[in-house]
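Scroll down for the structure; my scribbles are underneath it.
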Amino acid sequence: MTINSQDPSLSKKNPNSPSKSHTAAKDSAVINAALEVSDNDISSESSSNEDSVDIAQLSPPLKVDLSPIYNFLGARTSQAWVNAAIDNLPLIIQDHANCEKKAAGTAMNLIFRYEFSYDLQRKLAQLIREEMLHYEQVLGIMHERGQAWKYLSAGRYAKGMLKHKRNYEPAAMIDVLIIGAFIEARSCERFSALAEVIDDARLARYYRYLLKSESRHFEDYLALAQSLSADNIDERVAFFKEVEAELIATPDSELRFHSGEPAIL
């Protein structure tokens, strides 16, 4: 899961930047090299046989090491948020569906932005397919539970990070990808937290199943962000780590899958 990164500022150009064709050729070479580094990439989930819409057919992993997730994030989800989520489970389930849909939209935006890279196009296509499958699975969960779709406004989380995004390329896209990494990591952390305590064995099993894809997505986004940057992105990652942690740890008037400390519910 991640954000919908469509933003008018993404189309702005730095007046001092090289020509589009030169930049595209350079970026393509760098991205293709970076994407060939890891075998544990987006395609690993999509190449599995576990592509059923019926969550009963899915097999959760026996164990997923979440220590890289916990080390990456600047704050852990509080018990107060977990308690509020359990008390408002239909809202959390629908917001999860919204997040999966937005994640597919983000990948679709990127697939148009980076048309010159075959490998990136292929991996983004796989990601879109995976996120839309998750969306369909969550819709099935809602149907099983007799849960009607209701209007649900977006929370502050994504907007709270996007307001710090730089407004020229490729810096804007690098920031969008770093933000996406944090959203993926937070999603994974919260799936794990809910799966431990939720009083719904079928839903808990599905959340455990999602851990194996969500736990690697944040690294995919970071690798892509680094491939687009001539400089090390660690400083920018550290900046967004603080921003994201503050959004999670401070009072939030709306309960959402990625909301902060419950304030008014």
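Identifiers in this document derive from the order of the structure tokens: chains are assigned A, B, ..., residues are numbered from 1 separately in each chain, and ligands are numbered from 1 in order of occurrence.
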Please provide as a VMD selection string all residues within 7 Å of A:Ala181, with the sequence filter that same-chain residues fewer than 6 positions apart are discarded (counting only C-alpha atoms). chain A and resid 217 to 219 221 to 222
List as a tab-separated table every residue of stretch 168-209 of chain A that is in contact with stretch 244-249 of chain A, defined as an atom at most 10 Å from one of its atoms (using only C-alpha atoms), together with the nearest atom pair and the distance in Å rounded to one decimal, sorted by chain and then rising number.
residue	atom	partner	partner_atom	distance
A:Ile179	CA	A:Glu244	CA	8.6
A:Phe182	CA	A:Glu244	CA	7.4
A:Ile183	CA	A:Glu244	CA	8.7
A:Arg186	CA	A:Glu244	CA	9.2
Mind giving me the straight-line distance from atom CA of A:Gly260 to atom CA of A:Ser192 in Å, one decimal?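 Going from atom CA of A:Gly260 over to atom CA of A:Ser192 covers 16.8 Å.
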Find the residues of stretch 58-105 of chain A that sit at most 7 Å from stretch 124-137 of chain A; for each, write down the nearest two atoms and how far apart they are in Å, to one decimal. Count only C-alpha atoms. Sort by chain, then by number going up, and give it as a tab-separated table.
residue	atom	partner	partner_atom	distance
A:Ala97	CA	A:Tyr135	CA	5.3
A:Glu100	CA	A:Tyr135	CA	5.2
A:Lys101	CA	A:Tyr135	CA	6.0
A:Ala103	CA	A:Glu131	CA	6.4
A:Ala104	CA	A:Ile128	CA	4.7
Members of stretch 62-91 of chain A assigned helix (DSSP H, G or I) by DSSP, as a ChimeraX atom specification: /A:67-72,79-87,89-91
Please produce an output containing C-alpha atoms for each residue in the selection, written as a PDB file, in the first residue's frame.
ATOM      1  CA  SER A  67      12.978  -6.055  12.547  1.00  0.00           C
ATOM      2  CA  PRO A  68      13.922  -4.081   9.375  1.00  0.00           C
ATOM      3  CA  ILE A  69      10.451  -2.477   9.499  1.00  0.00           C
ATOM      4  CA  TYR A  70      10.768  -1.548  13.154  1.00  0.00           C
ATOM      5  CA  ASN A  71      14.262  -0.142  12.611  1.00  0.00           C
ATOM      6  CA  PHE A  72      13.137   1.877   9.615  1.00  0.00           C
ATOM      7  CA  GLN A  79      -1.948   0.319  22.113  1.00  0.00           C
ATOM      8  CA  ALA A  80      -4.436   3.194  22.053  1.00  0.00           C
ATOM      9  CA  TRP A  81      -4.564   3.088  18.235  1.00  0.00           C
ATOM     10  CA  VAL A  82      -4.885  -0.708  18.231  1.00  0.00           C
ATOM     11  CA  ASN A  83      -7.769  -0.528  20.721  1.00  0.00           C
ATOM     12  CA  ALA A  84      -9.524   2.159  18.669  1.00  0.00           C
ATOM     13  CA  ALA A  85      -9.039   0.141  15.470  1.00  0.00           C
ATOM     14  CA  ILE A  86     -10.534  -2.986  17.037  1.00  0.00           C
ATOM     15  CA  ASP A  87     -13.525  -0.952  18.244  1.00  0.00           C
ATOM     16  CA  LEU A  89     -13.052  -2.434  12.574  1.00  0.00           C
ATOM     17  CA  PRO A  90     -15.425  -1.740   9.637  1.00  0.00           C
ATOM     18  CA  LEU A  91     -13.868   1.713   9.225  1.00  0.00           C
TER      19      LEU A  91
END
